[in-house]
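Quick notes on the structure that follows.
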Amino acid sequence: MIPDSNTVLDDAVVVTVGDTPWITAYADSLRDRTDATVHSYERAAAARDAIQQTSPDCLVLEHVLPETTGVAVAERLRDATTSLPVLLGTADGSERIASDAIAAGVTDYLAVDGALDDTVEDARRRTERALRDAQRATTQRERARQFDATFHDTRTATWVLDPDGTLSRVNQAARDMVDASADAVVGDPFWTLPWWPDDERAAADVRRLVETAADGEFGHAVATRSGVAGERVLELSVQPVTDERGDLVSIVVDGVDSTDRVDLERELRQSEELHRVTLKNMTDTVLMTDEDGEYTYVCPNVHFVFGYTADEIRERGTIEDLLGEDLFDREELAEDGVLKNIETTATDRAGREHTLLVNVREVSIQGGTLLYSCRDITKRKQREQALATLQETARDFLYAETHQEIAQHVVEDTPDVLGLDASAVYRFDADENHLDPAAHSQGMRDAHGPLPAVHADGRDLTSHSFVADDTRFFADVHDADRLANPATDLRSVAYIPLGNHGVFVAGTTEVGAFDDVTRELADLLAATAEAALDRVTRESQLREQDRELQRRNDQLTTLDRTNETIREIDQALVRSETREEIDHTVCERLTADGRFEFAWLGTVDDATGTVEARASAGDGRGYVDSRSFPVAAEGVEPAGRTAATGEATLVSNVAADLRAAAWRTDAISRDFLSVLSVPLVYNDLSYGVLTVYADTPDAFDDPVRTVLAELGETIAAAISASERKRALLTTSTTRVEYAVSDPSFVLTRLAGAADCTVTYEGGVQQTDGGNYVFVTVEDAALDAAATAAADLAVVEAVQPIRGGDTGGVLRLRLAEPFLATELADHGAVLQRTTSTAGETTLVVDVSGSVDARGVTQFVAERFGDVDLASKQTREQASEHGFYASVLERLTDRQLEVLETAYYSGFFESPRQATGETVADSLGISPQAFYQHVRTVQRKLFAALVDDHTPVTVQHAD
């Protein structure tokens, strides 16, 4: 497998502890998909030794470990190190374990649930995030150490001020400048400290410098002070420090002792030659003029700032032509002798504008009366302005609500922050694996042309930067290997990944446009944008989670109401005596609380091919009375379609296709906006359909559909039970005789295998041990028939009851219910079967309350090749009720003993089998057998003697 392109994981050393499926799959995934070094251990002790030897980058723990827990391992590890990322996962999580894990210093907690692939992918993403967070923390610590190193620099005095300008901290270099205790003035305003002269003007200058920083701007000033070694001159620079919200948190003031340079300038007034030699080695440009502004001296290094030679400067005219008019007040200069830090702008030979800090002094050197020292602060000024713009951009990001808004802000602010006119932001589309241009400047389009979507395969510069998480700056992008558009006019181009969100591209048509400052600002802009994109993603996920939670709460509320209705229906069905009562109960309960608008139960009329309503409830407004419901698979009312297909029919929005069928118009007129129809089927026998209507679209979600489908089965079972009960109470039956040619019937197969006749005349048992049936064998030895039965796959056990060479009785344990049980579920009684090698005759009694056509349909579906041999209506005597009353008094075990004894010939005279023989076949003691027989006889006589209902015994002719 090709490893994922992920620099963080590829260079990481990961230790896993545990042997559960998820952590094993996670370790295998890291090995297969990354270049990470993975060490896996089952026990914590081995892992601790490995951690000491390998110094891993991340530790992933299963909570349940041999002899300990992941939380305990994390607690011990945190005693040794606080920086190592630790991830704890478990499939048996709880709030207590999560709380303990957090208290133990676990970096991330994984609640392992759902699919294994999803769990592994989630764990891998969290590992990458933990490694990135650890790297960022290391970077922050490194920056803190860098600040400490700068703060403790013995060459620079540093003061740290609170936002109100009071002293908070001072380094040793500054302490050495004054003969006073610096700690004693901590908390005092900066402009009142002993480093500055004790006069109002000096205090005001320093105070203005602090106020500049308080306004969020960078500032510079020069101050004199009286120190241990005499009067000294300090060049002060001040910068504000803000937090992520842009609020000022502190002010840092750096002071560089420039006394030597000032002394040098004083000495230069004494020796022009010394001035010339010294000025050649200075980065500042020095100019001298007379009172009319004519040059008397031009520093040889003037071209560094202005691009002109000394002669060309002279040819341009006076100093005012170079630095502008009204640069300073001559009277103020005469009064003070020197004017410092005058900020002005000048244009160089190439037409570029420079920002200068100019100092003007009165001198008297070879005809020159005014000395100008010019320092080019263009880069510094640009950086200050860029940082100010970047702060504004960061504030704009705080109010952005979408990724698109952030991308647009980045493009709009790039010219002000970086000075580059071509920029674009590509956003990653995970579904399509593309980087799409979300925003771009007109300069980018003019220089590069249209920006197409980029496939995230790492083949071009944009996708490579994203996939490899690699920042690239090109002095000339035409020299790059992965340049996708050789016709582009862009030259200097930067590609900076924005985490998992995409790539920031910025450039210009000039070659070599990136200096250190531009690179730093580009990284800062990209990092700020990435943080804003992360925030929007988190907020979007939280909103989606809230919406999902609300949806689930709504579903649970709906399902709870539906389940409550179903429980009430189930309880009512238990109490219902007739089908009519069942039908009305179901409809009334479904519409009682307004959950559904209308409900009705219907059955299929085979003569007309329509569904006829049996019961209804709710606000139907004559819906089931005003039209017929034909049975068809397409284009009909949902009830008719369900009756035709035998499957549930859902119409989520009736109005969505109003002209498709006439029934939709009738439904809409009654505010029926969604419909669900479910079949009423039990044991493959249909009892009709249940159709429910709601006054809102999409009212039947998956849980509700499932519950109502199960309700359909429950209703059908209740109707079946009701009809079976009714069949027991009726005196009219229909005896149907079928000729079955299906060789798959178990008794037909047994007759063919043993070459005999097999007869069933009653005697079915359903116990915890299996399904038992007694059959009579004729024209074959009983042992041969038993052997043939044992070879049948459907027969699990065979027990000879009585017989010998000419036939007898077998007790078969079947792997599936016998036909008599299936017919009983349809309200019919299997009286007798006679099977030979080629055919089986079935004699079935169907009560008057059951439609014999349904039984015939079941037999035909069960066997396929069936002929109706005869059909006659019979009036049965009341012994059927007596038989039922006797059966109600017997337990399953007692009935099993009775039937086994009967078919064994125990009750014949003379007896065909002794009690001991029957007891042995049943696996019980003779005493238990005789006790069961006496109990059965007592219950039989009690039914005969104690029952006041006279028993009519009708003898067969």
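Numbering starts fresh at 1 for the residues of each chain in the structure tokens, the chains themselves are lettered A, B, ... in the order given, and ligands are numbered from 1 as they appear.
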
- prompt: Looking only at the backbone, which of the residues in stretch 540-771 of chain A does DSSP tag as strand (DSSP E or B), as a VMD selection string?
  reply: chain A and resid 598 to 605 610 to 618 629 to 630 649 to 651 674 to 682 685 to 694 732 to 740 757 to 760 764 to 767 770 to 771

query: Which residues, written as a list in words, have at least one atom at most 9 Å from A:Gln404, with only C-alpha atoms counted and residues fewer than 3 positions away on the same chain left out?
result: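 Contacts, in chain order: Ala400, Glu401, Ala407, Gln408, His409, Arg427, Ala438 and Ala439 of chain A.
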
Residues from last step as file, C-alpha atoms, as a PDB file, in the first residue's frame:
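Result file follows (part24.pdb):
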ATOM      1  CA  ALA A 400     -16.232  35.678   9.362  1.00  0.00           C
ATOM      2  CA  GLU A 401     -18.766  32.871   9.447  1.00  0.00           C
ATOM      3  CA  ALA A 407     -10.643  33.114   1.643  1.00  0.00           C
ATOM      4  CA  GLN A 408     -11.914  36.432   0.244  1.00  0.00           C
ATOM      5  CA  HIS A 409     -10.378  38.404   3.143  1.00  0.00           C
ATOM      6  CA  ARG A 427     -10.060  25.025  -0.742  1.00  0.00           C
ATOM      7  CA  ALA A 438     -12.365  29.660  -3.702  1.00  0.00           C
ATOM      8  CA  ALA A 439     -11.067  33.225  -4.185  1.00  0.00           C
TER       9      ALA A 439
END

message: So that I can check the surroundings of A:Gly368, please list as number ranges by chain every protein, DNA and RNA residue that reaches within 9 Å of it, counting only C-alpha atoms and ignoring chain neighbours fewer than 4 positions away.
response: A: 288-291, 294-297, 362-364

Selection near A:Ala101, 12 Å with only C-alpha atoms, sequence-local residues under 3 positions removed, as a PyMOL selection string: chain A and resi 61-63+69-75+78+86-90+93-98+104-111

Output of the above residues as a PDB file, in the first residue's frame, restricted to C-alpha atoms:
ATOM      1  CA  LEU A  61      -3.164   3.183  24.941  1.00  0.00           C
ATOM      2  CA  GLU A  62      -6.067   0.752  25.319  1.00  0.00           C
ATOM      3  CA  HIS A  63      -7.765   1.446  28.667  1.00  0.00           C
ATOM      4  CA  THR A  69      -5.254   0.332  33.106  1.00  0.00           C
ATOM      5  CA  GLY A  70      -4.389   2.933  30.515  1.00  0.00           C
ATOM      6  CA  VAL A  71      -5.268   5.709  32.990  1.00  0.00           C
ATOM      7  CA  ALA A  72      -2.745   4.363  35.501  1.00  0.00           C
ATOM      8  CA  VAL A  73      -0.048   4.193  32.815  1.00  0.00           C
ATOM      9  CA  ALA A  74      -0.790   7.800  31.814  1.00  0.00           C
ATOM     10  CA  GLU A  75      -0.539   8.982  35.452  1.00  0.00           C
ATOM     11  CA  ARG A  78       3.043  12.272  33.420  1.00  0.00           C
ATOM     12  CA  VAL A  86      -0.911  10.329  25.060  1.00  0.00           C
ATOM     13  CA  LEU A  87      -4.141   9.007  23.441  1.00  0.00           C
ATOM     14  CA  LEU A  88      -6.440   6.675  25.404  1.00  0.00           C
ATOM     15  CA  GLY A  89      -9.150   4.616  23.703  1.00  0.00           C
ATOM     16  CA  THR A  90     -11.704   2.061  24.860  1.00  0.00           C
ATOM     17  CA  GLY A  93     -16.058   3.939  27.771  1.00  0.00           C
ATOM     18  CA  SER A  94     -18.007   5.968  30.278  1.00  0.00           C
ATOM     19  CA  GLU A  95     -18.047   9.491  31.632  1.00  0.00           C
ATOM     20  CA  ARG A  96     -16.053   8.317  34.660  1.00  0.00           C
ATOM     21  CA  ILE A  97     -13.279   6.826  32.523  1.00  0.00           C
ATOM     22  CA  ALA A  98     -13.197   9.953  30.354  1.00  0.00           C
ATOM     23  CA  ALA A 104      -4.410  11.811  34.350  1.00  0.00           C
ATOM     24  CA  GLY A 105      -3.189  14.176  31.644  1.00  0.00           C
ATOM     25  CA  VAL A 106      -4.348  12.219  28.594  1.00  0.00           C
ATOM     26  CA  THR A 107      -4.038  14.343  25.448  1.00  0.00           C
ATOM     27  CA  ASP A 108      -7.121  12.876  23.714  1.00  0.00           C
ATOM     28  CA  TYR A 109      -9.817  10.346  24.636  1.00  0.00           C
ATOM     29  CA  LEU A 110     -11.258   7.987  21.991  1.00  0.00           C
ATOM     30  CA  ALA A 111     -14.688   6.449  22.546  1.00  0.00           C
TER      31      ALA A 111
END
